[in-house]
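Worksheet: the structure to be examined is printed underneath.
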Amino acid sequence: MPLIRRAADHERRQAVRIDVAGAVLFCGATTLVLGGLALGSETGWASLPFLLCTVVGLACYGLFAWRESTAPSPLLSLRTLRSRRFSGITLVVAVASFTFTNAVAYLPVFLQGAFSFSPGASGAFLMFLTVPVLVAPLIAGRLAARGTPVDSIMTWSIALLVVGLVLTGVSAGPGLVWMALPMVIVGIGFGLQAGLADGEALAQVPEKEAGMGAGWINTVRLGSEAIAVSLFGSLFASFVGSAAQASRQGFAAITVGSTLFAAVIGVWSVVLMRRGRHGEARPGEPGRTVEDAQDTAGTAPR
């Protein structure tokens, strides 16, 4: 950090104060929502502690949004979120949280509970999921360099994540052999967006808001991962019976359910990306949209 500050000494920086109230509201809201999810599996999903934490947490999120719309130096400019393309790309990150991240977190639990795997054996089997992540970003980079639209790559990423994890959950009962190929599909889906999402999202915001945009992407990434893992784990723990029965039934049911939820987020993401591509100006072209260009072309002399 000292080296970074020294390197940036020549740049003009506007003196602003940190929005402490906004930070407290956001952290408090996230803590309450995650705490409610943790309590839900123990006290019941209709219990007062769960409902109270959830309602107060959502209210704090609402207050945070109001605060950011009125603060002179907000942590998060709501104008940035109004960019449909930026919001759509960040939602791709949330899709990965409810699919790939959940699989990485709970597949070892499933393997050890349902098939009596050792920790080492479950980690080795998890490589069907993780090794493709080393290769898929290289493929995505080459496709983008050859002119393949980033939207298409993102859409394929979402589709592979959703389809692959649904098949993984469905095939959890019959046996391990049937799970290997779907796990590879999930890994490829995650890898396709892993190297593109951040850069493409930041390309949609003005240069002076790049730090804010990067902060929001990381917040969505880590926040959605925390919510997804907490929710999955709370539901997983609510299944009763022997370890094998709970693992087989719980993993299959919750995996398919969380993946269908991710599919809804994915559809929303694709819609926002496509609408943003056709209706918003790139940073540096204020007010210049695709529709404007078409209007100009239509009135140009022939």
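In the structure tokens, each chain is lettered A, B, ... as it comes, each chain's residues begin at 1, and ligands are numbered from 1 in order of appearance.
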
Give me, as CSV, each residue of range 167-212 of chain A that comes within 10 Å of range 133-138 of chain A, together with its shortest interatomic pair and the distance in Å at one decimal, counting only C-alpha atoms, with rows ordered by chain and rising residue number.
residue,atom,partner,partner_atom,distance
A:Val184,CA,A:Val133,CA,9.1
A:Val186,CA,A:Val133,CA,9.1
A:Gly187,CA,A:Val133,CA,5.4
A:Ile188,CA,A:Ala136,CA,5.4
A:Gly189,CA,A:Ala136,CA,7.8
A:Phe190,CA,A:Val133,CA,6.6
A:Gly191,CA,A:Val133,CA,4.4
A:Leu192,CA,A:Pro137,CA,5.2
A:Gln193,CA,A:Pro137,CA,7.2
A:Ala194,CA,A:Pro137,CA,6.5
A:Gly195,CA,A:Pro137,CA,5.5
A:Leu196,CA,A:Pro137,CA,8.0

Q. So which residues of range 165-259 of chain A fall under helix (DSSP H, G or I) by DSSP, listed as a PyMOL selection string?
A. chain A and resi 165-170+177-194+197-202+207-237+243-259

Q. Using only C-alpha atoms, which residues sit within 12 Å of Ala201 in chain A once same-chain residues fewer than 5 positions away are excluded, as a PyMOL selection string?
A. chain A and resi 80-81+83-93+150-151+154+193+195-196+206-207+209-218+273+276-277+282-283

**Q.** Who sits within 9 Å of Pro119 in chain A, only C-alpha atoms, same chain under 5 positions skipped, as a ChimeraX atom specification
**A.** /A:108-109,111-112,124

For the residues selected in the previous step, produce a file with N, CA, C and O atoms as a PDB file, in the first residue's frame.
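Output below, filename part-v1.pdb:
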ATOM      1  N   PRO A 108     -17.543 -32.792  -0.842  1.00  0.00           N
ATOM      2  CA  PRO A 108     -16.786 -33.642   0.087  1.00  0.00           C
ATOM      3  C   PRO A 108     -17.640 -34.169   1.242  1.00  0.00           C
ATOM      4  O   PRO A 108     -17.478 -35.315   1.669  1.00  0.00           O
ATOM      5  N   VAL A 109     -18.545 -33.330   1.756  1.00  0.00           N
ATOM      6  CA  VAL A 109     -19.440 -33.785   2.829  1.00  0.00           C
ATOM      7  C   VAL A 109     -20.320 -34.918   2.338  1.00  0.00           C
ATOM      8  O   VAL A 109     -20.527 -35.925   3.026  1.00  0.00           O
ATOM      9  N   LEU A 111     -19.713 -36.986  -0.218  1.00  0.00           N
ATOM     10  CA  LEU A 111     -18.922 -38.181  -0.499  1.00  0.00           C
ATOM     11  C   LEU A 111     -18.540 -38.920   0.780  1.00  0.00           C
ATOM     12  O   LEU A 111     -18.572 -40.155   0.840  1.00  0.00           O
ATOM     13  N   GLN A 112     -18.206 -38.178   1.824  1.00  0.00           N
ATOM     14  CA  GLN A 112     -17.816 -38.818   3.071  1.00  0.00           C
ATOM     15  C   GLN A 112     -19.016 -39.400   3.810  1.00  0.00           C
ATOM     16  O   GLN A 112     -18.918 -40.435   4.459  1.00  0.00           O
ATOM     17  N   ALA A 124      -9.683 -35.929  -3.916  1.00  0.00           N
ATOM     18  CA  ALA A 124      -9.239 -36.399  -5.225  1.00  0.00           C
ATOM     19  C   ALA A 124     -10.400 -36.462  -6.209  1.00  0.00           C
ATOM     20  O   ALA A 124     -10.264 -36.082  -7.375  1.00  0.00           O
TER      21      ALA A 124
END

Determine, using only C-alpha atoms, which residues of range 170-282 of chain A have any atom at most 9 Å from an atom of range 34-41 of chain A, and tabulate each with its shortest atom pair and distance in Å to one decimal place, rows ordered by chain and then rising number, as a Markdown table.
| residue | atom | partner | partner_atom | distance |
| --- | --- | --- | --- | --- |
| A:Ala226 | CA | A:Leu34 | CA | 7.5 |
| A:Ile227 | CA | A:Leu34 | CA | 6.3 |
| A:Ser230 | CA | A:Leu37 | CA | 6.3 |
| A:Leu231 | CA | A:Leu37 | CA | 5.9 |
| A:Gly233 | CA | A:Ala38 | CA | 8.4 |
| A:Ser234 | CA | A:Ser41 | CA | 4.9 |
| A:Leu235 | CA | A:Ser41 | CA | 6.4 |
| A:Phe236 | CA | A:Ser41 | CA | 8.6 |
| A:Ala237 | CA | A:Ser41 | CA | 6.7 |
| A:Ser238 | CA | A:Ser41 | CA | 5.7 |

Q. Could you pull the residues within 9 Å of range 264-266 of chain A, counting only C-alpha atoms, minus those fewer than 4 positions along the same chain, as a list of chain:residue names?
A.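 Within the cut-off, the hits are A:Gly88, A:Leu91, A:Val92, A:Ala94, A:Val95, A:Thr155, A:Ile158, A:Ala159, A:Val162, A:Thr259, A:Leu260, A:Val270, A:Val271.
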
(Q) Residues near Phe98 in chain A, anyone? I mean within 9 Å using only C-alpha atoms, not counting same-chain ones fewer than 3 positions away, as number ranges by chain. (A) A: 94-95, 101-103, 224-225, 227-229, 232, 258-259, 261-262

Would you give me, as a Markdown table, each residue of range 66-108 of chain A having an atom within 12 Å of an atom of range 13-33 of chain A, along with its shortest atom pair and that distance in Å to one decimal, using only C-alpha atoms and sorting by chain and residue number?
| residue | atom | partner | partner_atom | distance |
| --- | --- | --- | --- | --- |
| A:Trp66 | CA | A:Gly22 | CA | 9.3 |
| A:Arg67 | CA | A:Gly22 | CA | 6.3 |
| A:Glu68 | CA | A:Gly22 | CA | 6.8 |
| A:Ser69 | CA | A:Gly22 | CA | 10.4 |
| A:Thr70 | CA | A:Gly22 | CA | 10.5 |
| A:Ala71 | CA | A:Asp19 | CA | 7.5 |
| A:Pro72 | CA | A:Asp19 | CA | 8.6 |
| A:Ser73 | CA | A:Asp19 | CA | 6.5 |
| A:Pro74 | CA | A:Asp19 | CA | 5.9 |
| A:Leu75 | CA | A:Asp19 | CA | 6.0 |
| A:Leu76 | CA | A:Gly22 | CA | 8.9 |
| A:Ser77 | CA | A:Gly22 | CA | 11.5 |

Dump of N, CA, C and O atoms for the selected residues, as a compact mmCIF listing (two decimals), in the first residue's frame:
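File produced: out_10.txt:
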# COMPACT_ATOMS: atom_id res chain seq x y z
N TRP A 66 -31.25 3.76 0.69
CA TRP A 66 -31.64 5.17 0.88
C TRP A 66 -30.43 6.02 1.22
O TRP A 66 -30.28 7.14 0.71
N ARG A 67 -29.58 5.51 2.09
CA ARG A 67 -28.39 6.25 2.49
C ARG A 67 -27.49 6.54 1.29
O ARG A 67 -26.98 7.65 1.12
N GLU A 68 -27.30 5.55 0.43
CA GLU A 68 -26.40 5.72 -0.72
C GLU A 68 -26.97 6.69 -1.75
O GLU A 68 -26.23 7.29 -2.53
N SER A 69 -28.30 6.83 -1.77
CA SER A 69 -28.91 7.76 -2.71
C SER A 69 -28.84 9.20 -2.23
O SER A 69 -29.06 10.13 -3.02
N THR A 70 -28.53 9.41 -0.95
CA THR A 70 -28.49 10.76 -0.40
C THR A 70 -27.10 11.18 0.10
O THR A 70 -26.87 12.37 0.30
N ALA A 71 -26.18 10.22 0.30
CA ALA A 71 -24.86 10.54 0.85
C ALA A 71 -24.04 11.33 -0.17
O ALA A 71 -24.07 11.03 -1.37
N PRO A 72 -23.27 12.33 0.28
CA PRO A 72 -22.42 13.09 -0.66
C PRO A 72 -21.29 12.25 -1.25
O PRO A 72 -20.87 12.47 -2.38
N SER A 73 -20.78 11.28 -0.49
CA SER A 73 -19.72 10.39 -0.98
C SER A 73 -20.13 8.95 -0.68
O SER A 73 -19.66 8.34 0.29
N PRO A 74 -21.02 8.38 -1.49
CA PRO A 74 -21.54 7.05 -1.17
C PRO A 74 -20.50 5.96 -1.39
O PRO A 74 -19.59 6.10 -2.20
N LEU A 75 -20.65 4.88 -0.63
CA LEU A 75 -19.83 3.70 -0.88
C LEU A 75 -20.14 3.11 -2.25
O LEU A 75 -19.26 2.61 -2.94
N LEU A 76 -21.41 3.16 -2.62
CA LEU A 76 -21.85 2.58 -3.89
C LEU A 76 -22.79 3.55 -4.57
O LEU A 76 -23.86 3.88 -4.04
N SER A 77 -22.38 4.03 -5.73
CA SER A 77 -23.24 4.91 -6.51
C SER A 77 -24.35 4.08 -7.16
O SER A 77 -24.08 3.15 -7.92

**Q.** Distance in Å - CA of Thr99 in chain A versus CA of Thr43 in chain A
**A.**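 Value for the CA of Thr99 in chain A-CA of Thr43 in chain A distance: 26.3 Å.
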
Q: Just the residues within 12 Å of Leu181 in chain A, please, counting only C-alpha atoms, with nothing from its chain fewer than 5 positions along; format it as an MDAnalysis selection string.
A: chainID A and resid 125:129 132 160 163:168 171:172 176 186:188

Write the residues of the preceding selection, restricted to N, CA and C atoms, as a short mmCIF file (atom, residue, chain, number, x, y, z; two decimals), in the first residue's frame.
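Output file out-v7.cif is given in full below:
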data_model
loop_
_atom_site.label_atom_id
_atom_site.label_comp_id
_atom_site.auth_asym_id
_atom_site.auth_seq_id
_atom_site.Cartn_x
_atom_site.Cartn_y
_atom_site.Cartn_z
N PHE A 125 -11.55 -36.94 -5.73
CA PHE A 125 -12.72 -37.04 -6.62
C PHE A 125 -13.21 -35.64 -7.02
N LEU A 126 -12.99 -34.66 -6.15
CA LEU A 126 -13.41 -33.30 -6.45
C LEU A 126 -12.64 -32.70 -7.62
N MET A 127 -11.53 -33.32 -8.00
CA MET A 127 -10.74 -32.80 -9.11
C MET A 127 -11.49 -32.88 -10.44
N PHE A 128 -12.49 -33.76 -10.55
CA PHE A 128 -13.34 -33.73 -11.74
C PHE A 128 -14.00 -32.35 -11.89
N LEU A 129 -14.23 -31.70 -10.77
CA LEU A 129 -14.88 -30.38 -10.77
C LEU A 129 -13.87 -29.25 -10.94
N PRO A 132 -11.01 -28.72 -14.64
CA PRO A 132 -11.45 -27.95 -15.82
C PRO A 132 -11.34 -26.45 -15.65
N LEU A 160 -24.01 -24.16 -18.76
CA LEU A 160 -23.22 -25.32 -18.33
C LEU A 160 -23.25 -25.48 -16.81
N VAL A 163 -27.03 -26.75 -16.00
CA VAL A 163 -27.30 -28.11 -16.48
C VAL A 163 -26.37 -29.11 -15.79
N GLY A 164 -25.09 -28.75 -15.68
CA GLY A 164 -24.13 -29.67 -15.07
C GLY A 164 -24.45 -30.00 -13.63
N LEU A 165 -24.85 -28.99 -12.84
CA LEU A 165 -25.10 -29.26 -11.42
C LEU A 165 -26.44 -29.97 -11.22
N VAL A 166 -27.44 -29.69 -12.05
CA VAL A 166 -28.69 -30.46 -11.97
C VAL A 166 -28.40 -31.94 -12.23
N LEU A 167 -27.61 -32.22 -13.26
CA LEU A 167 -27.26 -33.61 -13.56
C LEU A 167 -26.44 -34.23 -12.43
N THR A 168 -25.58 -33.42 -11.80
CA THR A 168 -24.81 -33.93 -10.67
C THR A 168 -25.72 -34.33 -9.52
N SER A 171 -27.80 -37.48 -10.47
CA SER A 171 -26.99 -38.70 -10.55
C SER A 171 -26.32 -39.05 -9.23
N ALA A 172 -26.58 -38.27 -8.16
CA ALA A 172 -25.95 -38.56 -6.88
C ALA A 172 -26.41 -39.89 -6.30
N LEU A 176 -21.23 -42.99 -8.16
CA LEU A 176 -20.19 -42.00 -8.44
C LEU A 176 -19.83 -41.92 -9.91
N VAL A 186 -19.74 -28.71 -14.93
CA VAL A 186 -19.82 -27.58 -14.00
C VAL A 186 -18.49 -26.83 -13.95
N GLY A 187 -17.39 -27.55 -13.90
CA GLY A 187 -16.08 -26.91 -13.86
C GLY A 187 -15.81 -26.08 -15.11
N ILE A 188 -16.20 -26.60 -16.27
CA ILE A 188 -16.01 -25.84 -17.51
C ILE A 188 -16.87 -24.58 -17.49
#
